[in-house]
$ cat start_29.cif   # mmCIF, C-alpha atoms (C1' of nucleotides)
data_input
loop_
_atom_site.label_atom_id
_atom_site.label_comp_id
_atom_site.auth_asym_id
_atom_site.auth_seq_id
_atom_site.Cartn_x
_atom_site.Cartn_y
_atom_site.Cartn_z
CA MET A 12 0.00 0.00 0.00
CA GLY A 13 1.59 3.24 -1.13
CA VAL A 14 1.56 6.53 0.64
CA LYS A 15 -1.40 8.66 -0.28
CA ILE A 16 -0.02 11.40 -2.47
CA ASN A 17 -2.96 13.74 -2.58
CA MET A 18 -3.94 14.54 0.90
CA ASN A 19 -7.59 14.54 1.44
CA GLY A 20 -9.04 17.97 0.65
CA GLU A 21 -10.69 18.32 4.00
CA LYS A 22 -7.42 17.83 5.78
CA ARG A 23 -5.67 20.34 3.57
CA LEU A 24 -8.34 22.91 4.27
CA GLU A 25 -8.07 22.16 7.94
CA GLN A 26 -4.31 22.66 7.90
CA ALA A 27 -4.49 25.92 6.05
CA ARG A 28 -6.96 27.19 8.61
CA GLU A 29 -4.99 25.89 11.53
CA ARG A 30 -1.91 27.80 10.45
CA VAL A 31 -3.81 31.04 10.25
CA ILE A 32 -5.55 30.45 13.55
CA ASP A 33 -2.18 29.85 15.19
CA ALA A 34 -0.87 33.10 13.79
CA ILE A 35 -3.94 35.01 14.92
CA SER A 36 -3.70 33.66 18.43
CA GLN A 37 0.01 34.35 18.60
CA ASN A 38 -0.71 37.84 17.47
CA MET A 39 -3.45 38.40 20.00
CA HIS A 40 -1.09 37.08 22.61
CA LEU A 41 1.17 40.06 21.87
CA TYR A 42 -1.69 42.29 22.93
CA GLY A 43 -2.17 40.57 26.25
CA VAL A 44 -4.90 38.14 25.27
CA THR A 45 -4.44 34.52 26.28
CA GLU A 46 -3.49 32.15 23.54
CA SER A 47 -6.56 30.02 24.20
CA VAL A 48 -8.78 33.01 23.84
CA GLY A 49 -6.98 33.80 20.61
CA ARG A 50 -7.54 30.31 19.28
CA LEU A 51 -11.17 30.58 20.17
CA TYR A 52 -11.45 33.78 18.21
CA GLY A 53 -9.70 32.09 15.30
CA ALA A 54 -12.11 29.18 15.41
CA LEU A 55 -15.06 31.54 15.42
CA TYR A 56 -13.53 33.53 12.59
CA PHE A 57 -13.40 30.57 10.25
CA GLN A 58 -16.58 28.99 11.41
CA GLU A 59 -19.43 29.58 9.05
CA GLY A 60 -22.16 30.90 11.23
CA PRO A 61 -22.27 31.29 15.01
CA MET A 62 -21.27 28.68 17.57
CA THR A 63 -22.63 27.47 20.87
CA LEU A 64 -20.50 26.90 23.95
CA ASP A 65 -20.77 23.16 23.43
CA GLU A 66 -19.52 23.43 19.89
CA MET A 67 -16.57 25.52 21.03
CA LYS A 68 -15.79 23.01 23.73
CA GLU A 69 -15.89 20.29 21.10
CA GLU A 70 -13.79 22.26 18.63
CA LEU A 71 -11.02 23.26 21.03
CA GLY A 72 -11.17 20.26 23.33
CA MET A 73 -11.51 22.37 26.43
CA SER A 74 -13.95 22.61 29.28
CA LYS A 75 -17.23 24.39 28.91
CA THR A 76 -16.29 26.66 31.80
CA SER A 77 -13.26 27.82 29.89
CA MET A 78 -15.31 28.46 26.82
CA SER A 79 -17.72 30.50 28.86
CA THR A 80 -15.05 32.73 30.34
CA SER A 81 -13.05 32.96 27.13
CA VAL A 82 -15.98 33.97 25.03
CA ARG A 83 -17.04 36.52 27.60
CA ASN A 84 -13.57 37.93 27.33
CA LEU A 85 -13.96 38.25 23.58
CA VAL A 86 -17.38 39.83 23.92
CA ASP A 87 -15.96 42.41 26.33
CA LEU A 88 -13.34 43.23 23.73
CA LYS A 89 -16.10 43.48 21.14
CA MET A 90 -14.35 40.88 19.03
CA VAL A 91 -17.31 38.55 19.27
CA ASP A 92 -21.04 39.22 19.37
CA LYS A 93 -23.75 37.27 21.05
CA VAL A 94 -26.39 36.62 18.44
CA TRP A 95 -29.87 35.30 18.56
CA ARG A 96 -31.51 32.70 16.36
CA LYS A 97 -35.15 31.87 16.40
CA GLY A 98 -35.80 28.55 18.05
CA VAL A 99 -32.28 28.13 19.39
CA ARG A 100 -32.11 28.01 23.12
CA LYS A 101 -28.38 28.01 23.57
CA ASP A 102 -26.36 31.18 23.48
CA LEU A 103 -24.82 31.78 20.10
CA TYR A 104 -21.61 33.66 19.45
CA GLN A 105 -20.22 35.00 16.24
CA ALA A 106 -16.87 36.54 15.36
CA GLU A 107 -16.75 40.18 14.41
CA TYR A 108 -15.36 40.04 10.88
CA ASP A 109 -14.49 43.67 10.37
CA TRP A 110 -10.96 43.87 11.67
CA TYR A 111 -10.77 47.63 11.26
CA GLN A 112 -13.63 47.85 13.69
CA THR A 113 -12.11 45.22 15.94
CA PHE A 114 -8.85 47.08 16.03
CA THR A 115 -10.57 50.32 16.85
CA ASP A 116 -12.67 48.82 19.60
CA PHE A 117 -9.81 46.89 21.11
CA PHE A 118 -7.50 49.82 21.47
CA THR A 119 -10.23 52.21 22.40
CA ILE A 120 -11.17 50.00 25.30
CA LYS A 121 -7.60 49.43 26.42
CA TRP A 122 -6.34 52.93 25.99
CA ARG A 123 -9.27 54.72 27.51
CA ALA A 124 -8.95 52.49 30.55
CA GLY A 125 -5.25 53.22 30.79
CA VAL A 126 -5.69 56.94 30.37
CA SER A 127 -8.34 57.08 32.99
CA ILE A 128 -6.25 55.22 35.57
CA ASN A 129 -3.28 57.46 34.98
CA VAL A 130 -4.97 60.79 34.68
CA SER A 131 -6.78 60.49 37.96
CA ALA A 132 -3.67 59.36 39.80
CA MET A 133 -1.63 62.14 38.25
CA GLU A 134 -4.15 64.85 38.97
CA LYS A 135 -4.37 63.80 42.56
CA SER A 136 -0.60 63.76 42.98
CA LEU A 137 -0.28 67.02 41.13
CA GLY A 138 -2.66 68.64 43.60
CA GLU A 139 -0.69 67.31 46.53
CA LEU A 140 2.58 68.50 45.09
CA ARG A 141 1.22 71.98 44.53
CA LEU A 142 0.07 72.12 48.12
CA LEU A 143 3.50 71.01 49.16
CA MET A 144 5.06 73.80 47.15
CA GLU A 145 3.01 76.35 49.05
CA ASP A 146 3.81 74.93 52.44
CA GLU A 147 6.39 77.06 54.18
CA GLN A 148 7.42 74.33 56.54
CA VAL A 149 8.69 72.16 53.74
CA ASP A 150 12.37 72.01 53.13
CA GLU A 151 13.67 73.89 50.13
CA HIS A 152 15.43 71.02 48.40
CA ILE A 153 12.31 68.87 48.73
CA LYS A 154 10.48 71.62 46.90
CA GLU A 155 13.00 71.52 44.13
CA SER A 156 12.32 67.84 43.63
CA ALA A 157 8.59 68.44 43.80
CA GLN A 158 8.90 71.11 41.15
CA ILE A 159 10.64 68.68 38.84
CA ASP A 160 7.97 66.07 39.48
CA ILE A 161 5.28 68.60 38.72
CA GLN A 162 6.86 69.25 35.37
CA LYS A 163 7.13 65.57 34.58
CA ILE A 164 3.55 64.90 35.51
CA THR A 165 2.33 67.89 33.55
CA ALA A 166 4.13 66.62 30.47
CA ALA A 167 2.62 63.18 31.00
CA LEU A 168 -0.86 64.65 31.25
CA GLU A 169 -0.36 66.42 27.96
CA TYR A 170 0.57 63.11 26.43
CA TYR A 171 -2.58 61.50 27.81
CA ASP A 172 -4.64 64.26 26.35
CA TRP A 173 -3.07 63.48 23.02
CA LEU A 174 -3.76 59.77 23.44
CA ASN A 175 -7.38 60.53 24.16
CA ARG A 176 -7.62 62.57 21.00
CA LEU A 177 -5.96 59.77 19.08
CA VAL A 178 -8.62 57.39 20.33
CA ASP A 179 -11.24 59.93 19.31
CA SER A 180 -9.86 59.86 15.80
CA PHE A 181 -10.23 56.08 15.77
CA GLU A 182 -13.76 56.20 17.03
CA SER A 183 -14.82 58.91 14.63
CA GLN A 184 -13.11 57.05 11.78
CA GLU A 185 -11.12 60.16 10.99
CA ILE A 186 -8.00 58.04 11.13
CA PHE A 187 -9.04 56.63 7.76
CA LYS A 188 -8.57 60.03 6.22
CA LEU A 189 -4.92 59.94 7.09
CA VAL A 190 -4.47 56.25 6.51
CA PRO A 191 -7.13 55.11 4.07
CA LYS A 192 -8.46 51.59 4.06
CA LYS A 193 -7.39 50.58 0.61
CA GLN A 194 -4.03 51.69 -0.59
CA MET B 28 2.13 63.11 72.39
CA GLY B 29 -0.17 64.30 69.61
CA VAL B 30 -0.38 63.01 66.10
CA LYS B 31 1.93 64.79 63.71
CA ILE B 32 -0.32 66.98 61.63
CA ASN B 33 2.05 68.07 58.89
CA MET B 34 3.55 65.01 57.38
CA ASN B 35 7.17 65.38 56.62
CA GLY B 36 7.67 66.85 53.13
CA GLU B 37 9.86 64.04 51.96
CA LYS B 38 7.22 61.51 52.77
CA ARG B 39 4.53 63.52 51.02
CA LEU B 40 6.69 63.75 47.92
CA GLU B 41 7.34 60.04 48.11
CA GLN B 42 3.65 59.26 48.33
CA ALA B 43 2.71 61.46 45.43
CA ARG B 44 5.33 59.71 43.32
CA GLU B 45 4.32 56.29 44.49
CA ARG B 46 0.75 56.80 43.40
CA VAL B 47 1.81 57.80 39.94
CA ILE B 48 4.29 54.95 39.67
CA ASP B 49 1.54 52.52 40.61
CA ALA B 50 -0.70 53.94 37.92
CA ILE B 51 2.04 53.77 35.32
CA SER B 52 2.84 50.18 36.12
CA GLN B 53 -0.82 49.22 36.11
CA ASN B 54 -1.14 50.88 32.77
CA MET B 55 1.87 49.13 31.32
CA HIS B 56 0.44 45.91 32.63
CA LEU B 57 -2.51 46.43 30.29
CA TYR B 58 -0.04 46.30 27.45
CA GLY B 59 1.46 43.01 28.52
CA VAL B 60 4.40 44.33 30.51
CA THR B 61 4.97 42.84 33.94
CA GLU B 62 4.01 45.01 36.85
CA SER B 63 7.54 44.86 38.24
CA VAL B 64 8.94 46.06 34.97
CA GLY B 65 6.38 48.84 35.04
CA ARG B 66 7.40 49.87 38.53
CA LEU B 67 10.99 49.90 37.46
CA TYR B 68 10.16 52.21 34.61
CA GLY B 69 8.26 54.42 37.03
CA ALA B 70 11.21 54.57 39.38
CA LEU B 71 13.52 55.51 36.53
CA TYR B 72 11.04 58.09 35.32
CA PHE B 73 11.07 59.99 38.59
CA GLN B 74 14.67 59.45 39.37
CA GLU B 75 16.77 62.49 38.63
CA GLY B 76 19.57 61.16 36.49
CA PRO B 77 20.35 57.58 35.50
CA MET B 78 20.48 54.57 37.81
CA THR B 79 22.74 51.58 38.23
CA LEU B 80 21.48 48.04 38.70
CA ASP B 81 22.44 48.20 42.35
CA GLU B 82 20.45 51.35 42.89
CA MET B 83 17.43 49.79 41.24
CA LYS B 84 17.79 46.72 43.40
CA GLU B 85 17.92 48.97 46.41
CA GLU B 86 14.98 51.08 45.29
CA LEU B 87 12.64 48.23 44.45
CA GLY B 88 13.90 45.71 46.97
CA MET B 89 14.39 43.02 44.37
CA SER B 90 17.27 40.88 43.25
CA LYS B 91 19.93 42.21 40.96
CA THR B 92 19.15 39.45 38.49
CA SER B 93 15.61 40.70 38.23
CA MET B 94 16.79 44.23 37.70
CA SER B 95 19.07 43.05 34.95
CA THR B 96 16.33 41.21 33.06
CA SER B 97 13.71 43.88 33.70
CA VAL B 98 15.85 46.71 32.50
CA ARG B 99 16.85 44.77 29.43
CA ASN B 100 13.18 44.35 28.76
CA LEU B 101 12.69 48.11 28.95
CA VAL B 102 15.68 48.76 26.73
CA ASP B 103 14.26 46.38 24.11
CA LEU B 104 11.05 48.35 24.22
CA LYS B 105 13.07 51.53 23.86
CA MET B 106 11.54 52.88 27.03
CA VAL B 107 14.93 53.10 28.69
CA ASP B 108 18.36 53.94 27.35
CA LYS B 109 21.72 52.74 28.49
CA VAL B 110 23.84 55.82 29.04
CA TRP B 111 27.47 56.40 29.66
CA ARG B 112 29.15 58.61 32.24
CA LYS B 113 32.81 59.34 32.39
CA GLY B 114 34.49 57.53 35.23
CA VAL B 115 31.50 55.33 36.09
CA ARG B 116 32.14 51.67 35.70
CA LYS B 117 28.65 50.38 36.27
CA ASP B 118 26.05 50.36 33.54
CA LEU B 119 23.73 53.32 33.77
CA TYR B 120 20.13 53.40 32.63
CA GLN B 121 17.85 56.32 32.09
CA ALA B 122 14.14 56.54 31.33
CA GLU B 123 13.04 57.82 27.98
CA TYR B 124 11.01 60.87 28.92
CA ASP B 125 9.29 61.54 25.63
CA TRP B 126 6.13 59.49 25.88
CA TYR B 127 5.04 60.27 22.35
CA GLN B 128 8.21 58.59 21.21
CA THR B 129 7.80 55.76 23.68
CA PHE B 130 4.28 55.14 22.49
CA THR B 131 5.35 55.14 18.88
CA ASP B 132 8.23 52.78 19.47
CA PHE B 133 6.24 50.44 21.63
CA PHE B 134 3.43 49.94 19.16
CA THR B 135 5.68 49.96 16.18
CA ILE B 136 7.64 47.08 17.64
CA LYS B 137 4.56 45.13 18.64
CA TRP B 138 2.48 45.73 15.55
CA ARG B 139 5.18 45.12 13.03
CA ALA B 140 5.95 41.82 14.73
CA GLY B 141 2.28 40.88 14.70
CA VAL B 142 1.77 41.83 11.10
CA SER B 143 4.76 39.87 9.98
CA ILE B 144 3.67 36.70 11.78
CA ASN B 145 0.22 36.90 10.33
CA VAL B 146 1.00 37.93 6.83
CA SER B 147 3.40 35.11 6.22
CA ALA B 148 1.04 32.52 7.65
CA MET B 149 -1.84 33.89 5.63
CA GLU B 150 0.06 34.05 2.38
CA LYS B 151 1.18 30.49 2.79
CA SER B 152 -2.32 29.26 3.53
CA LEU B 153 -3.72 31.35 0.73
CA GLY B 154 -1.37 29.65 -1.71
CA GLU B 155 -2.39 26.23 -0.48
CA LEU B 156 -6.05 27.06 -0.72
CA ARG B 157 -5.67 28.28 -4.28
CA LEU B 158 -3.95 25.05 -5.22
CA LEU B 159 -6.75 23.19 -3.59
CA MET B 160 -9.28 25.11 -5.69
CA GLU B 161 -7.57 24.00 -8.85
CA ASP B 162 -7.36 20.37 -7.82
CA GLU B 163 -10.00 18.38 -9.63
CA GLN B 164 -9.91 15.55 -7.16
CA VAL B 165 -11.14 17.74 -4.36
CA ASP B 166 -14.73 17.54 -3.37
CA GLU B 167 -16.97 20.37 -4.44
CA HIS B 168 -18.28 21.34 -1.04
CA ILE B 169 -14.75 21.45 0.33
CA LYS B 170 -13.99 23.93 -2.41
CA GLU B 171 -16.88 26.07 -1.35
CA SER B 172 -15.47 26.29 2.16
CA ALA B 173 -12.03 26.99 0.76
CA GLN B 174 -13.43 29.80 -1.33
CA ILE B 175 -14.96 31.39 1.73
CA ASP B 176 -11.68 31.06 3.60
CA ILE B 177 -9.85 32.66 0.71
CA GLN B 178 -12.13 35.64 0.95
CA LYS B 179 -11.69 35.94 4.68
CA ILE B 180 -7.93 35.73 4.43
CA THR B 181 -7.82 38.24 1.62
CA ALA B 182 -9.81 40.69 3.70
CA ALA B 183 -7.48 40.12 6.62
CA LEU B 184 -4.44 40.79 4.46
CA GLU B 185 -5.94 44.08 3.39
CA TYR B 186 -6.35 44.98 7.01
CA TYR B 187 -2.73 44.13 7.73
CA ASP B 188 -1.64 46.32 4.89
CA TRP B 189 -3.58 49.12 6.50
CA LEU B 190 -2.02 48.43 9.87
CA ASN B 191 1.41 48.59 8.33
CA ARG B 192 0.60 51.96 6.83
CA LEU B 193 -0.74 53.12 10.17
CA VAL B 194 2.58 52.19 11.76
CA ASP B 195 4.33 54.07 8.98
CA SER B 196 2.36 57.14 9.90
CA PHE B 197 3.53 56.79 13.49
CA GLU B 198 7.13 56.35 12.50
CA SER B 199 7.10 59.24 10.08
CA GLN B 200 5.33 61.40 12.68
CA GLU B 201 2.59 62.10 10.16
CA ILE B 202 0.10 61.03 12.78
CA PHE B 203 0.76 64.34 14.51
CA LYS B 204 -0.70 66.17 11.55
CA LEU B 205 -4.03 64.48 12.16
CA VAL B 206 -3.76 64.51 15.95
CA PRO B 207 -1.43 67.33 16.94
CA LYS B 208 0.59 67.19 20.12
CA LYS B 209 -0.89 70.18 21.83
CA GLN B 210 -4.56 70.75 21.55
"C1'" DA C 28 49.15 38.21 36.65
"C1'" DA C 29 46.27 38.24 40.69
"C1'" DA C 30 42.51 40.37 42.76
"C1'" DT C 31 38.29 42.72 42.53
"C1'" DA C 32 33.96 44.29 40.25
"C1'" DT C 33 30.16 43.77 37.31
"C1'" DG C 34 26.44 41.77 34.68
"C1'" DT C 35 23.97 37.67 33.27
"C1'" DA C 36 22.93 32.37 32.41
"C1'" DC C 37 20.81 28.93 34.59
"C1'" DA C 38 18.34 25.97 37.79
"C1'" DG C 39 15.24 25.79 41.27
"C1'" DA C 40 11.66 28.13 44.35
"C1'" DA C 41 7.73 31.07 44.75
"C1'" DA C 42 3.85 33.32 42.84
"C1'" DA C 43 0.37 34.00 39.44
"C1'" DA C 44 -2.57 32.58 35.87
"C1'" DA C 45 -5.12 29.37 33.29
"C1'" DC C 46 -7.97 25.49 33.33
"C1'" DT C 47 -11.26 21.96 35.12
"C1'" DG C 48 -15.15 19.72 37.58
"C1'" DT C 49 -18.78 20.25 40.61
"C1'" DA C 50 -22.54 22.63 42.17
"C1'" DC C 51 -26.11 25.64 41.66
"C1'" DG C 52 -29.39 29.37 40.04
"C1'" DG C 53 -32.44 30.60 36.61
"C1'" DA C 54 -34.84 30.02 32.25
"C1'" DG C 55 -37.60 27.20 29.39
"C1'" DT C 56 -40.65 23.12 28.74
"C1'" DG C 57 -44.21 19.70 29.60
"C1'" DC D 13 -45.43 22.63 39.50
"C1'" DA D 14 -41.86 19.22 38.38
"C1'" DC D 15 -38.36 18.44 35.11
"C1'" DT D 16 -34.72 19.43 31.96
"C1'" DC D 17 -31.36 22.32 30.06
"C1'" DC D 18 -27.98 25.95 30.06
"C1'" DG D 19 -24.43 29.07 31.66
"C1'" DT D 20 -21.38 30.46 35.25
"C1'" DA D 21 -19.46 30.95 40.31
"C1'" DC D 22 -16.21 28.89 42.89
"C1'" DA D 23 -12.61 25.90 44.81
"C1'" DG D 24 -8.98 23.18 43.74
"C1'" DT D 25 -5.43 21.52 40.38
"C1'" DT D 26 -2.24 22.13 36.77
"C1'" DT D 27 0.58 24.93 34.07
"C1'" DT D 28 3.12 29.04 33.24
"C1'" DT D 29 5.53 32.92 34.62
"C1'" DT D 30 8.24 35.52 37.64
"C1'" DC D 31 11.75 35.89 40.91
"C1'" DT D 32 15.94 34.54 43.43
"C1'" DG D 33 20.66 32.77 44.54
"C1'" DT D 34 24.66 30.70 42.85
"C1'" DA D 35 28.04 30.29 39.57
"C1'" DC D 36 30.62 32.03 36.08
"C1'" DA D 37 32.50 34.92 32.14
"C1'" DT D 38 34.26 39.32 31.18
"C1'" DA D 39 36.22 43.63 32.28
"C1'" DT D 40 38.84 46.57 35.32
"C1'" DT D 41 42.13 47.66 38.82
"C1'" DT D 42 46.27 46.80 41.57
#

$ encode --input "start_29.cif" --output "structure tokens"
Amino acid sequence: MGVKINMNGEKRLEQARERVIDAISQNMHLYGVTESVGRLYGALYFQEGPMTLDEMKEELGMSKTSMSTSVRNLVDLKMVDKVWRKGVRKDLYQAEYDWYQTFTDFFTIKWRAGVSINVSAMEKSLGELRLLMEDEQVDEHIKESAQIDIQKITAALEYYDWLNRLVDSFESQEIFKLVPKKQ
Amino acid sequence: MGVKINMNGEKRLEQARERVIDAISQNMHLYGVTESVGRLYGALYFQEGPMTLDEMKEELGMSKTSMSTSVRNLVDLKMVDKVWRKGVRKDLYQAEYDWYQTFTDFFTIKWRAGVSINVSAMEKSLGELRLLMEDEQVDEHIKESAQIDIQKITAALEYYDWLNRLVDSFESQEIFKLVPKKQ
DNA sequence: AAATATGTACAGAAAAAACTGTACGGAGTG
DNA sequence: CACTCCGTACAGTTTTTTCTGTACATATTT
């Protein structure tokens, strides 16, 4: 019995998909998303039509609990939508196919969160440092350091303002004026 | 003995810094950088002048080995530079203060890496799928699936081309035309 | 050349994160 | 209402990552 020269078409299709799914999940991993979650997104991306938790579990060979938390993760990132089908009782999930949108949502969510954490901390500290500057009991060379810190924080706040405006340009799609979708 | 009403200026300064450092490291954590590495960056950011590994170790209360790997991490991300001072034998490291630049470098590094992983995987799979389409021995309904995959991958490649051009606009500073540094 | 500093590779320990199975609440069905 | 089905909270296990201490290679000083 000779070796089968022409691999079965189904297997070839499967392999081609698998390679891309691996790359996608590796890529998402760079952005702080678990590899499993990335693979799940990949599976949903190539799936024709939405999937149930049980199908995901089957497809990835993982527990249903994991599928539940992973898919919730993806929904939070707006990379996957919960969809509804008449007569289907189970929850159905479908990949978001528009990667421009996905990109925008992903970074909007991440960056806005980051900005908000930092800005509030910095404003609070900035207030304290200004008070310190006005306090006559505080040592002069401490004030010098505080003054330097104030400048650093002020510069950082300017940067965060910029980042916020950058996110705005993503959300408003203005970014596509500068960098259009098709070359 | 009453409670000390006016906290010592040094301590107040320290606290104001600490809060900001925490926020910075939390923020960096969102981008997949360890919290320790984030704190190290924060320490370097507020430090006046560059630091040695031993000073970092002292400041963060961690092992020198950790400082060595963490700071290398930051250097790779171009968030910290190794600097040289006449007469100083130890390696000196200094935070990059320009956050616009830091942002640009960070995402350029990450995104270019991601794009490259994905594009090569997708091109390879695309080639295989096209071969599969031309193969007469392959079942018709497999071909239908392959055709759909080809479309999905093609769309994804277009997106990656866009992402590459977006990174270009960061590197060339053109992004600042659309979203200027100061409002 | 010997002695002293300095940074990092590496292996093992500690900590954190991911994953699973069970249990349970709530929604839908008969 | 009883029964079934579905998704997820939670505790415990497994896996991965981070951190440390020792050992060593390289560079500098004596």

$ calpha_fit_rmsd --input "start_29.cif" --fixed "chain B" --moving "chain A"
0.2 Å

$ resolve_selection --input "start_29.cif" --expression "the PyMOL selection byres ((chain D) within 9 of (chain B))" --output "count of residues only"
5

$ resolve_selection --input "start_29.cif" --expression "the PyMOL selection byres ((chain A) within 7 of (chain B))" --output "VMD selection string"
chain A and resid 20 to 21 24 27 30 to 31 34 to 35 38 41 to 43 57 110 to 111 125 128 to 129 132 to 133 136 139 to 140 149 to 150 153 157 160 170 173 176 to 177 189 to 190 192

$ write_last_selection --input "start_29.cif" --atoms "C-alpha atoms" --output "compact mmCIF listing (two decimals), keeping the file's coordinate frame"
# COMPACT_ATOMS: atom_id res chain seq x y z
CA GLY A 20 -9.04 17.97 0.65
CA GLU A 21 -10.69 18.32 4.00
CA LEU A 24 -8.34 22.91 4.27
CA ALA A 27 -4.49 25.92 6.05
CA ARG A 30 -1.91 27.80 10.45
CA VAL A 31 -3.81 31.04 10.25
CA ALA A 34 -0.87 33.10 13.79
CA ILE A 35 -3.94 35.01 14.92
CA ASN A 38 -0.71 37.84 17.47
CA LEU A 41 1.17 40.06 21.87
CA TYR A 42 -1.69 42.29 22.93
CA GLY A 43 -2.17 40.57 26.25
CA PHE A 57 -13.40 30.57 10.25
CA TRP A 110 -10.96 43.87 11.67
CA TYR A 111 -10.77 47.63 11.26
CA GLY A 125 -5.25 53.22 30.79
CA ILE A 128 -6.25 55.22 35.57
CA ASN A 129 -3.28 57.46 34.98
CA ALA A 132 -3.67 59.36 39.80
CA MET A 133 -1.63 62.14 38.25
CA SER A 136 -0.60 63.76 42.98
CA GLU A 139 -0.69 67.31 46.53
CA LEU A 140 2.58 68.50 45.09
CA VAL A 149 8.69 72.16 53.74
CA ASP A 150 12.37 72.01 53.13
CA ILE A 153 12.31 68.87 48.73
CA ALA A 157 8.59 68.44 43.80
CA ASP A 160 7.97 66.07 39.48
CA TYR A 170 0.57 63.11 26.43
CA TRP A 173 -3.07 63.48 23.02
CA ARG A 176 -7.62 62.57 21.00
CA LEU A 177 -5.96 59.77 19.08
CA LEU A 189 -4.92 59.94 7.09
CA VAL A 190 -4.47 56.25 6.51
CA LYS A 192 -8.46 51.59 4.06

$ closest_residue --input "start_29.cif" --among "B:Arg112, B:Tyr68, B:Asp118, B:Glu62" --to "chain C" --atoms "all atoms listed in the file"
B:Asp118

$ resolve_selection --input "start_29.cif" --expression "the PyMOL selection byres ((chain C) within 10 of (chain A))" --output "PyMOL selection string"
chain C and resi 44-48+54-55

$ atom_distance --input "start_29.cif" --atom1 "atom CA of Phe181 of chain A" --atom2 "atom CA of Gln200 of chain B"
16.7 Å

$ atom_distance --input "start_29.cif" --atom1 "atom CA of Pro77 of chain B" --atom2 "atom CA of Leu119 of chain B"
5.7 Å

$ atom_distance --input "start_29.cif" --atom1 "atom C1' of DC13 of chain D" --atom2 "atom CA of Lys97 of chain A"
26.9 Å

$ residues_around --input "start_29.cif" --residues "DG57 of chain C" --least-positions-apart "5" --cutoff "12 Å" --atoms "only C-alpha atoms (C1' of nucleotides)" --output "mmCIF file with C-alpha atoms (C1' of nucleotides), keeping the file's coordinate frame"
data_model
loop_
_atom_site.group_PDB
_atom_site.id
_atom_site.type_symbol
_atom_site.label_atom_id
_atom_site.label_comp_id
_atom_site.auth_asym_id
_atom_site.auth_seq_id
_atom_site.Cartn_x
_atom_site.Cartn_y
_atom_site.Cartn_z
ATOM 1 C "C1'" DC D 13 -45.430 22.630 39.500
ATOM 2 C "C1'" DA D 14 -41.860 19.220 38.380
ATOM 3 C "C1'" DC D 15 -38.360 18.440 35.110
ATOM 4 C "C1'" DT D 16 -34.720 19.430 31.960
#

$ closest_residue --input "start_29.cif" --among "D:DT42, D:DT20, D:DT29, D:DT34" --to "DA42 of chain C" --atoms "only C-alpha atoms (C1' of nucleotides)"
D:DT29

$ residues_around --input "start_29.cif" --residues "DA39 of chain D" --least-positions-apart "2" --cutoff "12 Å" --atoms "only C-alpha atoms (C1' of nucleotides)" --output "PyMOL selection string"
(chain B and resi 116-117) or (chain C and resi 31-34) or (chain D and resi 37+41)

$ closest_residue --input "start_29.cif" --among "B:Thr96, B:Thr135, B:Glu163, B:Asp108" --to "DA36 of chain C" --atoms "only C-alpha atoms (C1' of nucleotides)"
B:Thr96

$ axis_aligned_box --input "start_29.cif" --around "segment 76-87 of chain B" --padding-each-side "6 Å" --output "JSON"
{"center_x": 17.7, "center_y": 53.9, "center_z": 41.0, "size_x": 22.1, "size_y": 26.4, "size_z": 22.9}

$ residues_near_point --input "start_29.cif" --point "(-26.1, 32.7, 32.6)" --cutoff "9 Å" --atoms "all atoms listed in the file" --output "list in words"
DG52 and DG53 of chain C; DC18, DG19 and DT20 of chain D
